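Shown below: model-v2.txt, with compact mmCIF, C-alpha atoms.
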```
# COMPACT_ATOMS: atom_id res chain seq x y z
CA MET Y 20 54.44 -161.84 13.28
CA ARG Y 21 53.29 -158.24 12.89
CA ILE Y 22 50.29 -157.04 14.86
CA THR Y 23 47.23 -156.82 12.63
CA ASP Y 24 44.14 -154.77 13.42
CA ASN Y 25 40.88 -156.71 13.67
CA HIS Y 26 39.41 -154.69 10.78
CA SER Y 27 42.05 -156.01 8.38
CA VAL Y 28 41.61 -159.56 9.61
CA LEU Y 29 37.82 -159.24 9.32
CA MET Y 30 38.08 -158.17 5.68
CA MET Y 31 40.24 -161.23 4.94
CA VAL Y 32 37.73 -163.46 6.72
CA ILE Y 33 34.80 -162.01 4.75
CA LEU Y 34 36.64 -162.68 1.50
CA ALA Y 35 37.48 -166.21 2.62
CA VAL Y 36 33.85 -166.93 3.53
CA SER Y 37 32.66 -165.51 0.20
CA ALA Y 38 35.12 -167.71 -1.67
CA GLY Y 39 34.00 -170.77 0.25
CA LEU Y 40 37.41 -171.19 1.91
CA LEU Y 41 36.19 -170.73 5.48
CA ASN Y 42 33.21 -172.11 7.35
CA PRO Y 43 30.97 -169.11 8.28
CA LEU Y 44 30.40 -170.64 11.73
CA LEU Y 45 34.15 -170.27 12.40
CA ALA Y 46 34.50 -166.78 10.96
CA GLN Y 47 33.39 -164.95 14.09
CA VAL Y 48 36.04 -166.70 16.20
CA VAL Y 49 38.87 -166.63 13.66
CA SER Y 50 38.41 -162.91 12.97
CA HIS Y 51 38.87 -161.89 16.58
CA ASN Y 52 42.44 -161.08 17.55
CA VAL Y 53 43.33 -159.29 20.76
CA SER Y 54 46.22 -156.88 21.35
CA CYS Y 55 47.41 -154.12 23.64
CA ARG Y 56 46.13 -150.76 22.39
CA ASN Y 57 47.43 -147.22 22.59
CA SER Y 58 45.31 -144.19 23.50
CA LYS Y 59 43.89 -144.07 19.96
CA GLY Y 60 42.91 -147.73 20.05
CA GLU Y 61 45.69 -148.75 17.67
CA PRO Y 62 47.45 -152.11 18.23
CA VAL Y 63 50.90 -151.96 19.84
CA GLU Y 64 53.26 -154.75 20.83
CA TRP Y 65 53.63 -153.49 24.40
CA PHE Y 66 53.13 -150.49 26.63
CA ILE Y 67 53.93 -149.33 30.15
CA ILE Y 68 51.81 -146.93 32.21
CA TYR Y 69 53.01 -145.06 35.30
CA LYS Y 70 50.10 -143.43 37.14
CA VAL Y 71 50.99 -140.37 39.21
CA PRO Y 72 50.03 -140.23 42.93
CA GLU Y 73 47.26 -137.87 44.00
CA SER Y 74 49.68 -135.76 46.04
CA ALA Y 75 52.38 -135.50 43.36
CA ASP Y 76 53.96 -132.10 42.73
CA ASN Y 77 53.12 -131.60 39.07
CA GLU Y 78 51.93 -129.07 36.53
CA LEU Y 79 50.85 -131.42 33.78
CA PRO Y 80 48.79 -129.53 31.19
CA GLY Y 81 45.13 -130.43 30.85
CA PHE Y 82 44.61 -131.62 34.42
CA HIS Y 83 42.84 -129.97 37.36
CA LYS Y 84 41.06 -127.60 34.93
CA GLY Y 85 37.56 -128.93 35.49
CA PRO Y 86 35.43 -131.76 36.93
CA VAL Y 87 36.46 -134.34 34.31
CA TYR Y 88 40.08 -134.47 35.39
CA ASP Y 89 40.44 -135.81 38.90
CA ARG Y 90 43.70 -135.37 40.73
CA GLY Y 91 45.48 -138.71 40.92
CA THR Y 92 44.40 -139.89 37.46
CA GLU Y 93 47.34 -138.43 35.51
CA PHE Y 94 49.71 -140.92 33.96
CA GLY Y 95 52.85 -141.27 31.88
CA TYR Y 96 52.92 -143.68 28.95
CA PHE Y 97 55.53 -145.45 26.85
CA ASP Y 98 55.08 -148.09 24.15
CA SER Y 99 56.96 -150.15 21.59
CA THR Y 100 56.72 -147.42 18.93
CA MET Y 101 58.41 -144.71 21.02
CA GLY Y 102 62.07 -145.64 20.74
CA HIS Y 103 63.49 -142.10 20.61
CA ASP Y 104 61.32 -140.29 23.15
CA ALA Y 105 63.16 -138.62 26.02
CA ALA Y 106 60.23 -138.77 28.47
CA LEU Y 107 57.02 -140.65 29.11
CA ALA Y 108 54.10 -139.38 27.05
CA ASP Y 109 51.50 -137.33 28.89
CA GLY Y 110 48.22 -139.24 29.38
CA THR Y 111 45.83 -136.68 27.92
CA GLY Y 112 42.58 -137.74 29.56
CA GLY Y 113 43.47 -139.55 32.74
CA ILE Y 114 43.34 -143.19 33.76
CA ALA Y 115 39.75 -143.05 35.07
CA VAL Y 116 38.02 -142.25 31.76
CA GLU Y 117 37.60 -144.29 28.57
CA LYS Y 118 38.76 -141.69 26.06
CA ASN Y 119 42.48 -141.55 25.24
CA ASN Y 120 43.24 -144.24 27.81
CA PRO Y 121 45.31 -147.30 26.80
CA LEU Y 122 43.93 -149.36 29.70
CA ALA Y 123 40.38 -148.67 28.50
CA THR Y 124 41.06 -149.23 24.80
CA SER Y 125 42.87 -152.49 25.56
CA LEU Y 126 40.23 -153.86 27.92
CA ALA Y 127 37.40 -152.70 25.63
CA GLN Y 128 38.09 -155.84 23.61
CA ILE Y 129 36.42 -157.81 26.40
CA PHE Y 130 34.21 -155.40 28.37
CA ARG Y 131 32.23 -154.41 25.27
CA MET Y 132 31.09 -158.02 24.97
CA SER Y 133 28.48 -159.81 26.99
CA ARG Y 134 29.69 -162.73 29.09
CA VAL Y 135 28.09 -165.13 26.61
CA GLN Y 136 29.90 -163.50 23.68
CA ALA Y 137 33.24 -163.44 25.50
CA ASN Y 138 32.94 -167.09 26.49
CA LYS Y 139 32.37 -168.01 22.84
CA ARG Y 140 35.06 -165.83 21.27
CA LEU Y 141 37.80 -165.45 23.88
CA THR Y 142 39.93 -167.11 26.49
CA TYR Y 143 40.32 -164.85 29.51
CA ILE Y 144 41.79 -164.88 33.02
CA VAL Y 145 41.31 -162.02 35.49
CA TYR Y 146 43.10 -162.11 38.84
CA ASN Y 147 43.73 -159.77 41.77
CA ASP Y 148 44.69 -160.45 45.38
CA GLN Y 149 42.41 -157.49 46.20
CA PRO Y 150 39.42 -158.23 43.94
CA PRO Y 151 36.74 -155.65 43.07
CA THR Y 152 34.19 -154.64 45.66
CA GLU Y 153 32.16 -152.19 43.55
CA ASP Y 154 30.25 -155.01 41.85
CA GLY Y 155 27.56 -156.33 44.19
CA ALA Y 156 27.87 -159.88 42.92
CA LEU Y 157 31.56 -159.92 43.66
CA VAL Y 158 31.03 -158.48 47.12
CA LYS Y 159 28.92 -161.51 48.03
CA ARG Y 160 31.26 -163.88 46.30
CA TRP Y 161 34.52 -162.64 47.77
CA LYS Y 162 33.55 -160.95 51.03
CA GLY Y 163 35.98 -162.00 53.71
CA VAL Y 164 37.90 -164.48 51.57
CA ARG Y 165 40.97 -162.42 50.68
CA SER Y 166 43.88 -164.64 51.64
CA LEU Y 167 47.38 -163.51 52.48
CA SER Y 168 48.55 -166.88 51.20
CA SER Y 169 47.48 -166.15 47.61
CA GLY Y 170 49.86 -164.58 45.13
CA HIS Y 171 50.53 -160.86 45.44
CA SER Y 172 49.52 -160.55 41.81
CA LYS Y 173 47.12 -158.50 39.72
CA GLY Y 174 46.41 -158.83 36.02
CA VAL Y 175 44.30 -159.69 33.00
CA VAL Y 176 44.99 -162.20 30.23
CA VAL Y 177 42.76 -162.11 27.13
CA LEU Y 178 43.29 -164.31 24.08
CA GLY Y 179 41.81 -164.18 20.60
CA ALA Y 180 42.27 -166.73 17.86
CA GLN Y 181 45.86 -165.74 17.02
CA THR Y 182 47.04 -163.10 19.48
CA GLY Y 183 46.29 -162.07 23.02
CA LEU Y 184 47.39 -159.66 25.71
CA TRP Y 185 48.78 -159.98 29.20
CA LEU Y 186 48.19 -156.90 31.33
CA MET Y 187 50.07 -157.01 34.63
CA HIS Y 188 49.35 -154.13 37.03
CA SER Y 189 49.45 -152.99 40.66
CA ILE Y 190 45.90 -151.58 40.98
CA PRO Y 191 43.68 -153.04 43.74
CA HIS Y 192 39.99 -153.74 42.92
CA PHE Y 193 40.62 -153.55 39.16
CA PRO Y 194 39.05 -154.29 36.76
CA ALA Y 195 35.47 -154.44 38.06
CA GLY Y 196 32.17 -155.00 36.25
CA LEU Y 197 33.93 -156.75 33.39
CA PHE Y 198 30.76 -157.35 31.34
CA LYS Y 199 28.85 -154.16 32.10
CA GLY Y 200 29.76 -152.64 28.74
CA ARG Y 201 31.90 -149.80 30.05
CA TYR Y 202 35.33 -149.15 31.49
CA SER Y 203 35.56 -148.65 35.24
CA TYR Y 204 38.49 -147.48 37.36
CA PRO Y 205 38.26 -147.66 41.18
CA SER Y 206 38.22 -144.41 43.15
CA SER Y 207 40.62 -146.06 45.60
CA GLY Y 208 43.16 -146.20 42.77
CA HIS Y 209 43.58 -142.41 42.66
CA VAL Y 210 45.62 -141.94 45.82
CA ASN Y 211 48.90 -143.75 45.17
CA GLY Y 212 51.20 -144.24 42.20
CA GLN Y 213 50.55 -147.38 40.13
CA THR Y 214 52.22 -149.21 37.25
CA ALA Y 215 50.96 -151.45 34.46
CA ILE Y 216 52.61 -153.32 31.61
CA CYS Y 217 50.74 -154.82 28.66
CA VAL Y 218 52.28 -157.28 26.18
CA THR Y 219 50.74 -158.60 22.96
CA PHE Y 220 51.80 -162.18 22.24
CA ASN Y 221 50.93 -165.15 20.06
CA SER Y 222 48.13 -167.16 21.68
CA SER Y 223 50.18 -170.34 21.28
CA GLN Y 224 52.34 -169.13 24.20
CA ILE Y 225 49.49 -169.29 26.71
CA ASP Y 226 51.02 -172.25 28.55
CA THR Y 227 54.10 -170.14 29.31
CA VAL Y 228 51.87 -167.48 30.87
CA ALA Y 229 49.77 -170.08 32.69
CA ALA Y 230 52.83 -171.81 34.16
CA HIS Y 231 54.00 -168.49 35.60
CA LEU Y 232 50.60 -167.81 37.07
CA ARG Y 233 50.35 -171.31 38.56
CA ILE Y 234 53.53 -170.90 40.59
CA GLN Y 235 52.29 -167.52 41.91
CA GLN Y 236 48.93 -168.95 43.04
CA PRO Y 237 46.86 -165.94 41.90
CA HIS Y 238 43.40 -165.05 43.16
CA LEU Y 239 41.28 -165.75 40.04
CA TYR Y 240 37.88 -164.07 39.95
CA GLU Y 241 36.90 -164.25 36.26
CA SER Y 242 37.99 -166.87 33.73
CA SER Y 243 36.84 -168.86 30.72
CA ALA Y 244 38.34 -171.13 28.08
CA SER Y 245 36.76 -173.69 25.79
CA GLU Y 246 37.21 -177.36 26.61
CA ALA Y 247 38.95 -177.90 23.27
CA PHE Y 248 41.46 -175.12 23.95
CA ARG Y 249 42.09 -176.40 27.47
CA LYS Y 250 42.89 -179.86 26.13
CA GLN Y 251 45.52 -178.33 23.84
CA HIS Y 252 47.10 -176.33 26.68
CA PRO Y 253 47.58 -178.40 29.86
CA GLU Y 254 49.14 -175.59 31.93
CA LEU Y 255 46.12 -173.40 31.23
CA ASP Y 256 43.79 -176.25 32.12
CA GLN Y 257 45.54 -176.79 35.46
CA LEU Y 258 45.48 -173.05 36.19
CA LEU Y 259 41.73 -172.79 35.60
CA LYS Y 260 41.23 -175.83 37.84
CA LYS Y 261 43.26 -173.91 40.46
CA ASN Y 262 45.80 -176.71 40.62
CA PHE Y 263 48.71 -174.48 41.56
CA THR Y 264 52.38 -175.44 41.54
CA SER Y 265 53.58 -176.34 45.03
CA ARG Y 266 56.72 -178.38 44.42
CA ALA Y 267 60.30 -177.18 43.95
CA PRO Y 268 61.81 -175.37 42.19
CA PHE Y 269 60.12 -172.35 43.73
CA VAL Y 270 61.37 -169.91 41.07
CA LEU Y 271 60.38 -170.10 37.42
CA LYS Y 272 62.29 -168.21 34.73
CA GLY Y 273 60.91 -168.12 31.21
CA TYR Y 274 60.48 -166.01 28.11
CA LEU Y 275 57.52 -164.41 26.38
CA ILE Y 276 58.01 -163.27 22.80
CA GLY Y 277 55.99 -160.20 21.88
CA ALA Y 278 53.99 -160.14 18.64
CA ASP Y 279 56.75 -158.14 16.91
CA GLY Y 280 59.63 -160.15 18.36
CA THR Y 281 60.54 -158.35 21.60
CA LYS Y 282 61.83 -160.84 24.17
CA PHE Y 283 60.52 -160.47 27.71
CA THR Y 284 62.16 -162.32 30.59
CA LEU Y 285 59.57 -163.64 33.04
CA ILE Y 286 60.50 -164.36 36.66
CA ALA Y 287 57.90 -165.90 38.99
CA LYS Y 288 58.24 -166.96 42.62
CA SER Y 289 56.24 -169.34 44.76
CA LYS Y 290 55.17 -168.43 48.28
CA ARG Y 291 57.32 -171.39 49.34
CA LEU Y 292 60.49 -169.57 48.30
CA ASN Y 293 60.28 -167.48 51.49
CA GLU Y 294 62.98 -165.05 50.30
CA ASP Y 295 63.40 -161.54 48.93
CA ILE Y 296 62.88 -162.01 45.18
CA TYR Y 297 64.77 -158.79 44.38
CA ARG Y 298 67.93 -159.66 46.31
CA ASN Y 299 68.10 -163.39 45.68
CA VAL Y 300 66.48 -163.83 42.27
CA ILE Y 301 66.04 -160.72 40.10
CA ALA Y 302 69.42 -159.05 40.72
CA PRO Y 303 71.39 -162.28 40.06
CA ILE Y 304 69.41 -162.95 36.87
CA LEU Y 305 70.05 -159.41 35.62
CA LYS Y 306 73.68 -159.66 36.86
CA SER Y 307 73.54 -156.12 38.16
CA ASP Y 308 72.94 -153.97 41.20
CA ILE Y 309 69.32 -152.86 41.05
CA TYR Y 310 67.20 -149.91 42.14
CA VAL Y 311 63.78 -150.98 43.41
CA GLU Y 312 60.57 -148.99 43.85
CA THR Y 313 57.78 -150.82 45.71
CA TRP Y 314 55.15 -150.23 48.37
CA ARG Y 315 56.78 -150.42 51.81
CA ASN Y 316 54.16 -148.79 54.03
CA GLY Y 317 52.26 -150.30 56.94
CA PRO Y 318 52.90 -153.57 58.77
CA GLY Y 319 54.86 -156.34 57.16
CA GLY Y 320 58.45 -155.37 57.90
CA LYS Y 321 59.88 -153.15 55.18
CA LEU Y 322 63.34 -154.09 53.96
CA SER Y 323 66.22 -151.63 53.89
CA SER Y 324 68.69 -151.34 51.03
CA ASP Y 325 70.90 -154.43 50.99
CA CYS Y 326 74.56 -154.43 50.01
CA LYS Y 327 75.66 -157.72 51.58
CA ALA Y 328 74.87 -159.86 48.54
CA PRO Y 329 77.09 -159.83 45.42
CA TYR Y 330 74.54 -157.55 43.73
CA HIS Y 331 73.24 -154.61 45.75
CA VAL Y 332 69.54 -153.77 46.10
CA LEU Y 333 68.86 -150.05 46.62
CA ASP Y 334 65.41 -148.81 47.64
CA VAL Y 335 64.16 -145.77 45.72
CA GLU Y 336 62.86 -143.03 48.03
CA ASN Y 337 62.01 -140.14 45.69
CA ILE Y 338 60.87 -139.97 42.08
CA ALA Y 339 61.17 -137.03 39.64
CA ILE Y 340 60.21 -138.46 36.27
CA GLY Y 341 59.72 -136.75 32.93
CA ILE Y 342 56.14 -136.84 31.61
CA GLY Y 343 55.58 -134.79 28.48
CA ASN Y 344 57.58 -131.59 28.90
CA LYS Y 345 57.23 -131.55 32.69
CA THR Y 346 59.03 -133.24 35.59
CA VAL Y 347 56.66 -134.80 38.11
CA ARG Y 348 57.89 -135.37 41.67
CA TRP Y 349 56.67 -137.56 44.51
CA SER Y 350 57.80 -139.75 47.40
CA SER Y 351 57.96 -143.53 47.32
CA SER Y 352 55.72 -143.53 50.42
CA GLU Y 353 52.92 -142.44 48.05
CA ASP Y 354 53.77 -144.98 45.37
CA HIS Y 355 52.09 -148.39 45.08
CA SER Y 356 53.98 -149.19 41.85
CA LYS Y 357 56.54 -151.97 41.67
CA TRP Y 358 59.57 -151.82 39.39
CA ALA Y 359 63.26 -152.65 39.33
CA LEU Y 360 66.02 -151.05 37.28
CA ALA Y 361 69.45 -152.50 36.56
CA ASP Y 362 72.33 -150.18 37.42
CA ASN Y 363 74.86 -151.05 34.71
CA THR Y 364 72.67 -152.48 31.92
CA ASP Y 365 69.42 -151.38 30.26
CA TRP Y 366 67.11 -153.89 31.98
CA ILE Y 367 63.83 -152.68 33.46
CA CYS Y 368 61.30 -154.91 35.25
CA ILE Y 369 57.68 -154.24 36.11
CA CYS Y 370 56.83 -156.38 39.13
CA SER Y 371 54.04 -157.45 41.47
CA ILE Y 372 55.92 -158.04 44.76
CA ASN Y 373 56.82 -155.47 47.43
CA ARG Y 374 60.11 -155.39 49.36
CA MET Y 375 58.51 -156.39 52.64
CA ILE Y 376 59.32 -159.36 54.88
CA SER Y 377 55.65 -160.38 54.74
CA GLN Y 378 55.98 -160.76 50.96
CA PHE Y 379 58.53 -163.55 51.30
CA ARG Y 380 55.53 -165.85 51.77
CA ARG Y 381 53.63 -164.54 48.74
CA GLY Y 382 53.88 -165.56 45.13
CA GLY Y 383 54.58 -162.92 42.51
CA GLU Y 384 56.01 -161.99 39.12
CA ALA Y 385 58.52 -159.73 37.40
CA MET Y 386 58.28 -158.99 33.68
CA CYS Y 387 61.59 -157.63 32.36
CA LEU Y 388 62.82 -156.21 29.07
CA GLN Y 389 65.93 -154.51 27.77
CA HIS Y 390 65.17 -151.06 26.37
CA GLN Y 391 67.78 -148.33 26.36
CA ARG Y 392 65.45 -145.34 26.08
CA LEU Y 393 62.88 -146.52 28.63
CA HIS Y 394 65.67 -147.47 31.04
CA LYS Y 395 67.17 -143.99 30.73
CA ILE Y 396 63.81 -142.33 31.46
CA PHE Y 397 63.37 -144.34 34.66
CA GLN Y 398 67.03 -143.93 35.63
CA LYS Y 399 66.76 -140.14 35.36
CA GLY Y 400 63.53 -140.37 37.36
CA ILE Y 401 65.30 -141.69 40.48
CA ALA Y 402 65.64 -138.52 42.57
CA GLY Y 403 66.84 -140.26 45.71
CA TYR Y 404 67.46 -143.70 47.16
CA GLU Y 405 68.31 -145.22 50.52
CA PRO Y 406 72.08 -145.82 50.70
CA CYS Y 407 73.45 -149.05 52.04
CA PRO Y 408 73.61 -149.23 55.83
CA LYS Y 409 77.05 -148.45 57.20
CA ALA Y 410 78.94 -151.55 58.22
CA LYS Y 411 79.39 -152.10 61.94
CA PRO Y 412 83.01 -152.11 63.22
CA SER Y 413 82.86 -155.89 63.67
CA GLU Y 414 81.95 -156.31 60.00
CA ASN Y 415 85.00 -154.40 58.68
```
Could I get this file's structure written as structure tokens?
Amino acid sequence: MRITDNHSVLMMVILAVSAGLLNPLLAQVVSHNVSCRNSKGEPVEWFIIYKVPESADNELPGFHKGPVYDRGTEFGYFDSTMGHDAALADGTGGIAVEKNNPLATSLAQIFRMSRVQANKRLTYIVYNDQPPTEDGALVKRWKGVRSLSSGHSKGVVVLGAQTGLWLMHSIPHFPAGLFKGRYSYPSSGHVNGQTAICVTFNSSQIDTVAAHLRIQQPHLYESSASEAFRKQHPELDQLLKKNFTSRAPFVLKGYLIGADGTKFTLIAKSKRLNEDIYRNVIAPILKSDIYVETWRNGPGGKLSSDCKAPYHVLDVENIAIGIGNKTVRWSSSEDHSKWALADNTDWICICSINRMISQFRRGGEAMCLQHQRLHKIFQKGIAGYEPCPKAKPSEN
């Protein structure tokens, strides 16, 4: 199905009500579709955002010229309509403001509603292992309860009558103040690089999404679905009851079909897997050596590049990616994003798990697609990686 703007659907609904073909009480619900949106607020099947670290070496036009543009809010953007672009598009306003911001235009479909309106019109799930602290109510609710046993997962799922979006991201404390009527981006999210992927899909696929979330055991902090909808979708019902999947198998592979037909491969792991998802799951599924960029700072035991398995896993150390007509450079030590890139095919995955030993015991997700142009942009953006450790004499 093609993505349809709500305005077009609303006109059809008005005509149907006028003709007596649709109950007016249902019109408000039926007319509301949800989709990922570009910077202009136009529906797109999918997009990817790569936010630049605060310390990145860049000369992107339009930034650092005045108080509106804060360093660390610049981002590169790519969506389903940009098949021939040779670089990520330059985010013109920054990730912290509403204007010209795909995160803001996409989430506006819920944050411009009151909670009562959203509960009537939408199904929504908001999760983050580091939930917001800016909202006083959430401070009281979640203070001291962050659990290292919950999924290392962050995202938003919003469904309308026919279509919905799944936004998977790496940003701690986001989104906050969901029903305050305005977009909010945390100041803590300026420092490091971040990634986000948004996919528009038919709402009938919600059980596929819910099953992948259940195995991850996400930290839910906002959610709502009607009883009737929950009865139709048992995986969603179990997710909202926080009945998470704890039995084997501890890896779930599935597919999500975008609203315009793009096929996304979904790979979720349970905390019970207790393994490196990149080495033992993602690389074998992609049947390729992979380059991996994740957060590997602090305690937790960062993993080195691994060439002992049939498919090698190489840790990215430096990035120099094209955004607009500039090349932006930074170190992986300043990058909280999570992505994997196949070496000999055009697979790219946006992920939620870091390559750290501590993450073996955390649930997480990878959302992968095949896209030649996007793959090439990221491939050219790898400015350096950690080579495989040299084999010891006894291993030769």
With distances taken over only C-alpha atoms, the candidate from Y:Ser58, Y:Ser223, Y:Ser133, Y:Ser74 nearest Pro121 of chain Y is Y:Ser58
If you count only C-alpha atoms, which residues fall within 10 Å of segment 197-199 of chain Y, apart from same-chain ones fewer than 5 positions away, as a list in words?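 Here the qualifying residues turn out to be Leu126, Ala127, Ile129, Phe130, Arg131, Met132, Ser133, Arg134, Val135, Gln136, Ala137, Val145, Asp154 and Glu241 of chain Y.
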Within 12 Å of (55.7, -169.8, 50.7), all atoms listed in the file: residues as JSON, numbers by chain? {"Y": [167, 168, 169, 170, 171, 234, 235, 236, 264, 265, 266, 267, 268, 269, 270, 288, 289, 290, 291, 292, 293, 294, 295, 296, 376, 377, 378, 379, 380, 381, 382, 383]}
File of the preceding selection, C-alpha atoms, as a short mmCIF file (atom, residue, chain, number, x, y, z; two decimals), in the frame of the given file:
```
data_model
loop_
_atom_site.label_atom_id
_atom_site.label_comp_id
_atom_site.auth_asym_id
_atom_site.auth_seq_id
_atom_site.Cartn_x
_atom_site.Cartn_y
_atom_site.Cartn_z
CA LEU Y 167 47.38 -163.51 52.48
CA SER Y 168 48.55 -166.88 51.20
CA SER Y 169 47.48 -166.15 47.61
CA GLY Y 170 49.86 -164.58 45.13
CA HIS Y 171 50.53 -160.86 45.44
CA ILE Y 234 53.53 -170.90 40.59
CA GLN Y 235 52.29 -167.52 41.91
CA GLN Y 236 48.93 -168.95 43.04
CA THR Y 264 52.38 -175.44 41.54
CA SER Y 265 53.58 -176.34 45.03
CA ARG Y 266 56.72 -178.38 44.42
CA ALA Y 267 60.30 -177.18 43.95
CA PRO Y 268 61.81 -175.37 42.19
CA PHE Y 269 60.12 -172.35 43.73
CA VAL Y 270 61.37 -169.91 41.07
CA LYS Y 288 58.24 -166.96 42.62
CA SER Y 289 56.24 -169.34 44.76
CA LYS Y 290 55.17 -168.43 48.28
CA ARG Y 291 57.32 -171.39 49.34
CA LEU Y 292 60.49 -169.57 48.30
CA ASN Y 293 60.28 -167.48 51.49
CA GLU Y 294 62.98 -165.05 50.30
CA ASP Y 295 63.40 -161.54 48.93
CA ILE Y 296 62.88 -162.01 45.18
CA ILE Y 376 59.32 -159.36 54.88
CA SER Y 377 55.65 -160.38 54.74
CA GLN Y 378 55.98 -160.76 50.96
CA PHE Y 379 58.53 -163.55 51.30
CA ARG Y 380 55.53 -165.85 51.77
CA ARG Y 381 53.63 -164.54 48.74
CA GLY Y 382 53.88 -165.56 45.13
CA GLY Y 383 54.58 -162.92 42.51
#
```
Can you work out the spacing between atom CA of Leu388 of chain Y and atom CA of Val210 of chain Y in Å, to one decimal?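 Interatomic distance here is 27.9 Å.
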Interatomic distance (Å, one decimal) between atom CA of Leu305 of chain Y and atom CA of Ala361 of chain Y: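 Value for the atom CA of Leu305 of chain Y-atom CA of Ala361 of chain Y distance: 7.0 Å.
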Which of these, Y:Cys55, Y:Val335, Y:Val311, Y:Ala328, has the shortest distance to Asn373 of chain Y once you count all atoms listed in the file?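 Answer, going by the shortest atom-to-atom distance: Y:Val311.
Candidate residues Y:Ile309, Y:Ile67, Y:Leu184, Y:Cys368 were compared for distance to Ile276 of chain Y, and the nearest is Y:Leu184, using all atoms listed in the file.
Across Y:His51, Y:Lys327, Y:Lys282, Y:Lys345, the tightest approach to Gly95 of chain Y is made by Y:Lys345 when counting only C-alpha atoms.
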Counting all atoms listed in the file, the residue among Y:Cys370, Y:Ala385, Y:Glu405, Y:Lys321 that lies closest to Asp334 of chain Y is Y:Glu405
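Surrounding residues of (57.8, -149.2, 20.7) at most 8 Å away are Val63, Glu64, Trp65, Phe66, Phe97, Asp98, Ser99, Thr100, Met101 and Gly102 of chain Y (based on all atoms listed in the file).
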Save the residues we just selected, C-alpha atoms, as a short mmCIF file (atom, residue, chain, number, x, y, z; two decimals), keeping the file's coordinate frame?
```
data_model
loop_
_atom_site.label_atom_id
_atom_site.label_comp_id
_atom_site.auth_asym_id
_atom_site.auth_seq_id
_atom_site.Cartn_x
_atom_site.Cartn_y
_atom_site.Cartn_z
CA VAL Y 63 50.90 -151.96 19.84
CA GLU Y 64 53.26 -154.75 20.83
CA TRP Y 65 53.63 -153.49 24.40
CA PHE Y 66 53.13 -150.49 26.63
CA PHE Y 97 55.53 -145.45 26.85
CA ASP Y 98 55.08 -148.09 24.15
CA SER Y 99 56.96 -150.15 21.59
CA THR Y 100 56.72 -147.42 18.93
CA MET Y 101 58.41 -144.71 21.02
CA GLY Y 102 62.07 -145.64 20.74
#
```
Of the residues Y:Leu186, Y:Ile114, Y:Val175, Y:Ala105, which is the one nearest to Gln391 of chain Y, using all atoms listed in the file?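 Of Y:Leu186, Y:Ile114, Y:Val175, Y:Ala105, the one nearest Gln391 of chain Y is Y:Ala105, counting all atoms listed in the file.
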For Ser351 of chain Y, find every residue with an atom within 10 Å (counting all atoms listed in the file), except residues of its own chain fewer than 5 positions away, and show them as a PyMOL selection string. chain Y and resi 72+211-212+312-316+334-338+356+403-404
Residues from the last selection, C-alpha atoms, saved as a PDB file, in the frame of the given file:
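Okay, selection.pdb is ready:
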```pdb
ATOM      1  CA  PRO Y  72      50.030-140.230  42.930  1.00  0.00           C
ATOM      2  CA  ASN Y 211      48.900-143.750  45.170  1.00  0.00           C
ATOM      3  CA  GLY Y 212      51.200-144.240  42.200  1.00  0.00           C
ATOM      4  CA  GLU Y 312      60.570-148.990  43.850  1.00  0.00           C
ATOM      5  CA  THR Y 313      57.780-150.820  45.710  1.00  0.00           C
ATOM      6  CA  TRP Y 314      55.150-150.230  48.370  1.00  0.00           C
ATOM      7  CA  ARG Y 315      56.780-150.420  51.810  1.00  0.00           C
ATOM      8  CA  ASN Y 316      54.160-148.790  54.030  1.00  0.00           C
ATOM      9  CA  ASP Y 334      65.410-148.810  47.640  1.00  0.00           C
ATOM     10  CA  VAL Y 335      64.160-145.770  45.720  1.00  0.00           C
ATOM     11  CA  GLU Y 336      62.860-143.030  48.030  1.00  0.00           C
ATOM     12  CA  ASN Y 337      62.010-140.140  45.690  1.00  0.00           C
ATOM     13  CA  ILE Y 338      60.870-139.970  42.080  1.00  0.00           C
ATOM     14  CA  SER Y 356      53.980-149.190  41.850  1.00  0.00           C
ATOM     15  CA  GLY Y 403      66.840-140.260  45.710  1.00  0.00           C
ATOM     16  CA  TYR Y 404      67.460-143.700  47.160  1.00  0.00           C
TER      17      TYR Y 404
END
```
